[in-house]
Amino acid sequence: MNPINVNRTKITLYPDCKRVLVRPFHLMSGQRASEICARIMALSENDVHAQLAQLWAEFGRRHKNIREFFRRRFEEARPYLLSDLAISEERSLLVGGYFTHEYSFEAAALFNPSIVPHPDQSHLAAGEQRFVLSLRATGEGHISSTTFRTGVVDSEGRVAIDAPTRYALEPVRLPNASFEKRLFERKLRELNLIGAFSREVLKLLGESFTLEELRTSISLAAKQLRVHDLETEKVAKTTLALAQSCFEVHFDSDSCFSERVLFPTTVAQSHGIEDARFVLFRGEDGMQTYYATYTAYDGKEIQPQFLETSDFLHFKFTTLNGPAVQNKGMSLFPRKINGLYAMLGRQDYENIYLMFSDHLHFWRTKQLILEPRFPWEFVQMGNCGSPIETEAGWLVLSHGVGPMRKYCIGAFLLDPDDPAKVIGRLRDPLIAPNDDEREGYVPNVVYSCGSLLHGRHLILPYGAADYATSFATVMLDEVLDAME
């Protein structure tokens with residue numbers, strides 16, 4: 001059997017500590033916030049002007065719309081002023097500056113990429129394809145976010161990456177998001193939260209409702225049922241947390257892809273939006289939507305969750321529910337199979353499972369399809385992104401963990417009509433960490449969250465040592481021919 005020729009490109013994306021976000025600076029107590037506000041209020045207008053001028057000189061060119069950010073932070077800090085007196089525009093901006101800080105979101109690592117076709121394929125040469133690359137960026141406190149790059153692959157499989165701009169920004173969270181009662185009730189049922197109290201809460205809601213209407217309904221239900229026990233409080237808190245985990249955000253349309261950062265905003269995400277696996281999903285009606293599964297991490301527990309977008313400007317975050325939603329590494333197939341959504345997972349930390357569902361948000365059953373077989377994957381297996389449809393079957397890039405916790409990338413093939421059947425797999429790793437890739441934040445790891453098939457070229461971005469991102473290309477036919 002001929003060896004597979006894996007071409008490691010010379011492209012490496014390293015974390016850049018100079019890429020920073022402006023973020024809210026939260027103090028530990030309201031008393032300290034009030035004391036800081038009092039000190040700012042005691043400054044003369046001349047001192048305020050001088051301090052603000054210094055702020056603009058140091059930070060004004062480092063961020064887009066920083067003045068507007070300061071205004072928002074002032075409004076959020078206004079309760080700590082302890083005064084209703086009118087204050088000057090400059091003083092309010094200075095207050096906002098004291099409650100803001102910079103966060104270097106990729107200072108520690110930039111890794112675990114996934115790659116999908118770009119929504120705009122205009123103005124390209126023959127045989128070229130533009131792509132979007134998502135990356136896991138990790139900064140201070142090991143907090144992970146999702147950031148993006150764009151690039152082009154040509155007819156020969158050569159990859160070029162667009163240079164990022166100097167700016168980075170978070171999206172605006174859209175207010176008054178609405179929830180569909182029928183769907184929300186199903187999510188509550190999956191969480192075993194349906195009881196007398198939750199039924200009363202739902203009864204008071206319309207067929208669609210907002211977060212504030214849910215808060216009001218919870219309060220009214222508690223009064224009407226006259227319940228204030230700990231169990232009811234727990235149900236109310238979990239119900240609100242579920243709603244708060246389902247939200248929408250939007251980036252400015254004039255922002256570049258590389259400037260957009262999906263930073264944790266909910267309690268479940270508070271320590272990370274990890275390892276997003278994007279896929280371009282084609283619906284039965286011909287509509288195309290980008291979906292991604294990701295791991296929300298709160299510092300103690302992980303939760304597989306879901307997001308969707310059509311343009312990488314507007315994103316919708318939702319929860320995944322059901323007994324099959326466990327562990328990390330869920331990967332959605334790019335289309336329905338026999339009328340059902342299909343997804344791969346690794347619920348037991350070791351083997352690969354297949355799931356089917358009639359709804360993207362609910363996954364109840366799983367079926368074991370692949371177990372570790374070769375020494376380089378004896379510890380555990382998992383997928384490295386969504387299955388890729390080929391004429392031979394569903395190609396799945398996988399990872400395996402062997403001795404010394406070394407992660408390698410392999411591949412296996414699923415039957416095109418019945419993906420529960422494994423019809424081929426590689427005996428040896430496709431990519432193993434070499435001497436240049438083994439040193440980093442987590443040694444001896446290569447890992448990917450998604451690859452792209454361009455003609456007969458397989459474009460495989462991968463994280464090296466949980467630190468930086470590299471690219472490899474390989475001919476699809478060589479991979480298929482090497483399958484056992």
# chains A, B, ... in the order shown; residues from 1 in each chain; ligands from 1
call {"tool": "residues_around", "arguments": {"residues": "A:Ala86", "least_positions_apart": "6", "cutoff": "12 Å", "atoms": "only C-alpha atoms", "output": "list in words"}}
result
Met41, Arg78 and Ser92 of chain A
call {"tool": "residues_around", "arguments": {"residues": "A:Phe105", "least_positions_apart": "6", "cutoff": "12 Å", "atoms": "only C-alpha atoms", "output": "CSV table (one decimal) with N, CA and C atoms, in the first residue's frame"}}
result
chain,number,residue,atom,x,y,z
A,15,PRO,N,-0.9,32.8,18.0
A,15,PRO,CA,-1.6,33.8,18.8
A,15,PRO,C,-0.9,35.1,18.8
A,16,ASP,N,-1.7,36.2,18.9
A,16,ASP,CA,-1.1,37.6,18.8
A,16,ASP,C,-1.7,38.3,20.0
A,17,CYS,N,-0.8,38.6,21.0
A,17,CYS,CA,-1.3,39.3,22.2
A,17,CYS,C,-1.7,40.8,21.9
A,18,LYS,N,-1.3,41.3,20.7
A,18,LYS,CA,-1.7,42.7,20.4
A,18,LYS,C,-3.1,42.8,20.0
A,19,ARG,N,-3.8,41.7,19.7
A,19,ARG,CA,-5.2,41.8,19.3
A,19,ARG,C,-6.0,41.8,20.6
A,20,VAL,N,-6.7,42.9,20.8
A,20,VAL,CA,-7.4,43.1,22.1
A,20,VAL,C,-8.8,43.6,21.9
A,21,LEU,N,-9.7,43.2,22.8
A,21,LEU,CA,-11.1,43.6,22.9
A,21,LEU,C,-11.2,44.7,24.0
A,22,VAL,N,-12.1,45.6,23.8
A,22,VAL,CA,-12.6,46.4,25.0
A,22,VAL,C,-13.7,45.7,25.6
A,23,ARG,N,-13.6,45.5,26.9
A,23,ARG,CA,-14.6,44.7,27.6
A,23,ARG,C,-15.0,45.4,28.9
A,135,LEU,N,-11.6,29.7,14.7
A,135,LEU,CA,-10.5,29.3,15.5
A,135,LEU,C,-10.9,29.5,17.0
A,136,ARG,N,-10.4,28.7,17.8
A,136,ARG,CA,-10.5,28.8,19.3
A,136,ARG,C,-9.4,29.7,19.8
A,137,ALA,N,-9.7,30.9,20.3
A,137,ALA,CA,-8.7,31.8,20.8
A,137,ALA,C,-8.8,31.7,22.4
A,138,THR,N,-7.6,31.7,23.0
A,138,THR,CA,-7.6,31.6,24.5
A,138,THR,C,-6.7,32.7,25.0
A,139,GLY,N,-7.2,33.4,26.0
A,139,GLY,CA,-6.5,34.5,26.6
A,139,GLY,C,-6.4,34.3,28.1
A,140,GLU,N,-6.2,35.5,28.8
A,140,GLU,CA,-6.0,35.5,30.3
A,140,GLU,C,-7.1,34.7,31.0
A,141,GLY,N,-6.7,33.9,32.0
A,141,GLY,CA,-7.7,33.1,32.7
A,141,GLY,C,-8.1,31.8,32.0
A,142,HIS,N,-7.5,31.5,30.9
A,142,HIS,CA,-7.8,30.4,30.0
A,142,HIS,C,-9.3,30.5,29.6
A,143,ILE,N,-9.7,31.7,29.2
A,143,ILE,CA,-11.1,31.9,28.7
A,143,ILE,C,-11.0,31.8,27.2
A,144,SER,N,-11.9,31.0,26.6
A,144,SER,CA,-11.8,30.7,25.2
A,144,SER,C,-13.0,31.4,24.5
A,145,SER,N,-12.7,32.0,23.3
A,145,SER,CA,-13.7,32.6,22.4
A,145,SER,C,-13.5,32.0,21.0
A,146,THR,N,-14.4,32.4,20.1
A,146,THR,CA,-14.3,32.0,18.7
A,146,THR,C,-14.0,33.2,17.9
A,147,THR,N,-13.0,33.1,17.1
A,147,THR,CA,-12.6,34.2,16.2
A,147,THR,C,-12.5,33.6,14.8
A,167,TYR,N,-8.0,45.5,14.4
A,167,TYR,CA,-9.1,45.6,15.4
A,167,TYR,C,-9.8,44.3,15.7
A,168,ALA,N,-10.5,44.3,16.8
A,168,ALA,CA,-11.3,43.2,17.2
A,168,ALA,C,-12.5,43.7,18.0
A,169,LEU,N,-13.7,43.1,17.8
A,169,LEU,CA,-14.9,43.6,18.4
A,169,LEU,C,-15.8,42.5,18.7
A,170,GLU,N,-16.7,42.7,19.7
A,170,GLU,CA,-17.8,41.8,20.0
A,170,GLU,C,-19.0,42.2,19.4
A,259,GLU,N,-12.2,40.6,12.5
A,259,GLU,CA,-12.5,41.5,13.6
A,259,GLU,C,-13.6,41.0,14.5
A,260,ARG,N,-14.3,40.0,14.1
A,260,ARG,CA,-15.5,39.5,14.8
A,260,ARG,C,-15.0,38.4,15.8
A,261,VAL,N,-15.4,38.6,17.1
A,261,VAL,CA,-15.1,37.7,18.1
A,261,VAL,C,-16.4,37.3,18.9
A,262,LEU,N,-16.6,36.0,19.0
A,262,LEU,CA,-17.8,35.5,19.8
A,262,LEU,C,-17.2,35.2,21.2
A,263,PHE,N,-17.4,36.1,22.1
A,263,PHE,CA,-16.8,36.0,23.5
A,263,PHE,C,-17.9,35.5,24.4
A,264,PRO,N,-17.5,34.7,25.4
A,264,PRO,CA,-18.6,34.2,26.4
A,264,PRO,C,-19.4,35.3,27.0
A,272,GLY,N,-15.6,29.7,28.6
A,272,GLY,CA,-15.2,29.4,27.3
A,272,GLY,C,-16.3,29.0,26.3
A,273,ILE,N,-16.1,29.4,25.1
A,273,ILE,CA,-16.8,28.9,23.9
A,273,ILE,C,-15.8,28.1,23.2
call {"tool": "select_by_dssp", "arguments": {"residues": "stretch 228-275 of chain A", "states": "alpha helix (DSSP H)", "output": "list of chain:residue names"}}
result
A:Leu230, A:Glu231, A:Thr232, A:Glu233, A:Lys234, A:Val235, A:Ala236, A:Lys237, A:Thr238, A:Thr239, A:Leu240, A:Ala241, A:Leu242, A:Ala243, A:Gln244
call {"tool": "residues_around", "arguments": {"residues": "A:Ile388", "least_positions_apart": "3", "cutoff": "8 Å", "atoms": "only C-alpha atoms", "output": "list in words"}}
result
Phe333, Pro334, Trp394, Leu395, Val396, Leu452 and Leu453 of chain A
call {"tool": "write_last_selection", "arguments": {"atoms": "C-alpha atoms", "output": "CSV table (one decimal), in the first residue's frame"}}
result
chain,number,residue,atom,x,y,z
A,333,PHE,CA,-23.8,15.9,9.1
A,334,PRO,CA,-24.1,18.5,6.3
A,394,TRP,CA,-19.0,9.9,4.4
A,395,LEU,CA,-15.4,10.7,5.2
A,396,VAL,CA,-14.8,11.5,8.8
A,452,LEU,CA,-12.8,21.2,3.5
A,453,LEU,CA,-13.0,19.2,0.3
call {"tool": "residues_around", "arguments": {"residues": "A:Val442", "least_positions_apart": "4", "cutoff": "9 Å", "atoms": "only C-alpha atoms", "output": "VMD selection string"}}
result
chain A and resid 438 464 to 467
call {"tool": "residues_around", "arguments": {"residues": "A:Glu478", "least_positions_apart": "4", "cutoff": "9 Å", "atoms": "only C-alpha atoms", "output": "PyMOL selection string"}}
result
chain A and resi 2-5+474+482-483
call {"tool": "closest_residue", "arguments": {"among": "A:Asn434, A:Ser219, A:Thr469, A:Gln129", "to": "A:Tyr447", "atoms": "only C-alpha atoms"}}
result
A:Thr469
call {"tool": "closest_atom_pairs", "arguments": {"of": "stretch 399-428 of chain A", "to": "stretch 335-347 of chain A", "cutoff": "10 Å", "atoms": "only C-alpha atoms", "output": "JSON lines"}}
result
{"residue": "A:Pro416", "atom": "CA", "partner": "A:Ile337", "partner_atom": "CA", "distance": 9.1}
{"residue": "A:Asp417", "atom": "CA", "partner": "A:Ile337", "partner_atom": "CA", "distance": 7.5}
{"residue": "A:Asp418", "atom": "CA", "partner": "A:Ile337", "partner_atom": "CA", "distance": 8.3}
{"residue": "A:Pro419", "atom": "CA", "partner": "A:Ile337", "partner_atom": "CA", "distance": 8.7}
call {"tool": "residues_around", "arguments": {"residues": "A:Gln31", "least_positions_apart": "4", "cutoff": "9 Å", "atoms": "only C-alpha atoms", "output": "compact mmCIF listing (two decimals) with N, CA and C atoms, in the first residue's frame"}}
result
# COMPACT_ATOMS: atom_id res chain seq x y z
N GLU A 35 -17.09 54.26 45.33
CA GLU A 35 -15.94 55.04 45.77
C GLU A 35 -15.17 55.59 44.58
N ILE A 36 -15.02 54.76 43.53
CA ILE A 36 -14.31 55.21 42.33
C ILE A 36 -15.09 56.34 41.67
N TYR A 80 -24.00 53.74 40.45
CA TYR A 80 -22.98 53.89 41.49
C TYR A 80 -22.61 55.35 41.74
call {"tool": "residues_around", "arguments": {"residues": "A:Gly385", "least_positions_apart": "2", "cutoff": "9 Å", "atoms": "only C-alpha atoms", "output": "PyMOL selection string"}}
result
chain A and resi 114+277-279+329-332+383+387-388+396-398+448-451
call {"tool": "write_last_selection", "arguments": {"atoms": "C-alpha atoms", "output": "compact mmCIF listing (two decimals), in the first residue's frame"}}
result
# COMPACT_ATOMS: atom_id res chain seq x y z
CA SER A 114 -12.78 24.45 11.43
CA ARG A 277 -17.36 22.72 14.65
CA PHE A 278 -18.91 24.63 11.75
CA VAL A 279 -20.67 22.95 8.85
CA GLY A 329 -17.21 16.91 20.17
CA MET A 330 -20.67 16.76 18.62
CA SER A 331 -20.48 17.02 14.81
CA LEU A 332 -23.48 17.52 12.57
CA ASN A 383 -14.23 13.18 15.47
CA PRO A 387 -18.48 14.26 7.98
CA ILE A 388 -17.58 15.11 4.39
CA VAL A 396 -14.80 11.50 8.84
CA LEU A 397 -11.54 12.93 10.11
CA SER A 398 -10.96 11.55 13.59
CA SER A 448 -8.93 19.74 14.05
CA CYS A 449 -12.58 20.77 14.22
CA GLY A 450 -13.32 20.55 10.49
CA SER A 451 -11.84 20.13 7.01
call {"tool": "closest_residue", "arguments": {"among": "A:Gly400, A:Gly440, A:Pro304, A:Pro113", "to": "A:Glu377", "atoms": "only C-alpha atoms"}}
result
A:Gly400
call {"tool": "select_by_dssp", "arguments": {"residues": "stretch 342-375 of chain A", "states": "strand (DSSP E)", "output": "list in words"}}
result
Ala342, Met343, Leu344, Gly345, Ile352, Tyr353, Leu354, Met355, Phe356, Ser357, Gln367, Leu368, Ile369 and Leu370 of chain A
call {"tool": "closest_residue", "arguments": {"among": "A:Ile369, A:Tyr14, A:Gln380, A:Gly30", "to": "A:Ala109", "atoms": "only C-alpha atoms"}}
result
A:Tyr14
call {"tool": "atom_distance", "arguments": {"atom1": "atom CA of A:His26", "atom2": "atom CA of A:Val267"}}
result
15.0 Å
call {"tool": "closest_residue", "arguments": {"among": "A:Val152, A:Phe317, A:Ser310, A:Met355", "to": "A:Met287", "atoms": "only C-alpha atoms"}}
result
A:Ser310
call {"tool": "atom_distance", "arguments": {"atom1": "atom CA of A:Phe25", "atom2": "atom CA of A:Phe99"}}
result
4.8 Å
call {"tool": "closest_residue", "arguments": {"among": "A:Ala221, A:Leu354, A:Leu193, A:Leu124", "to": "A:Lys234", "atoms": "only C-alpha atoms"}}
result
A:Leu193
call {"tool": "closest_residue", "arguments": {"among": "A:Gly60, A:Lys366, A:Leu413, A:Tyr462", "to": "A:Ala392", "atoms": "only C-alpha atoms"}}
result
A:Leu413
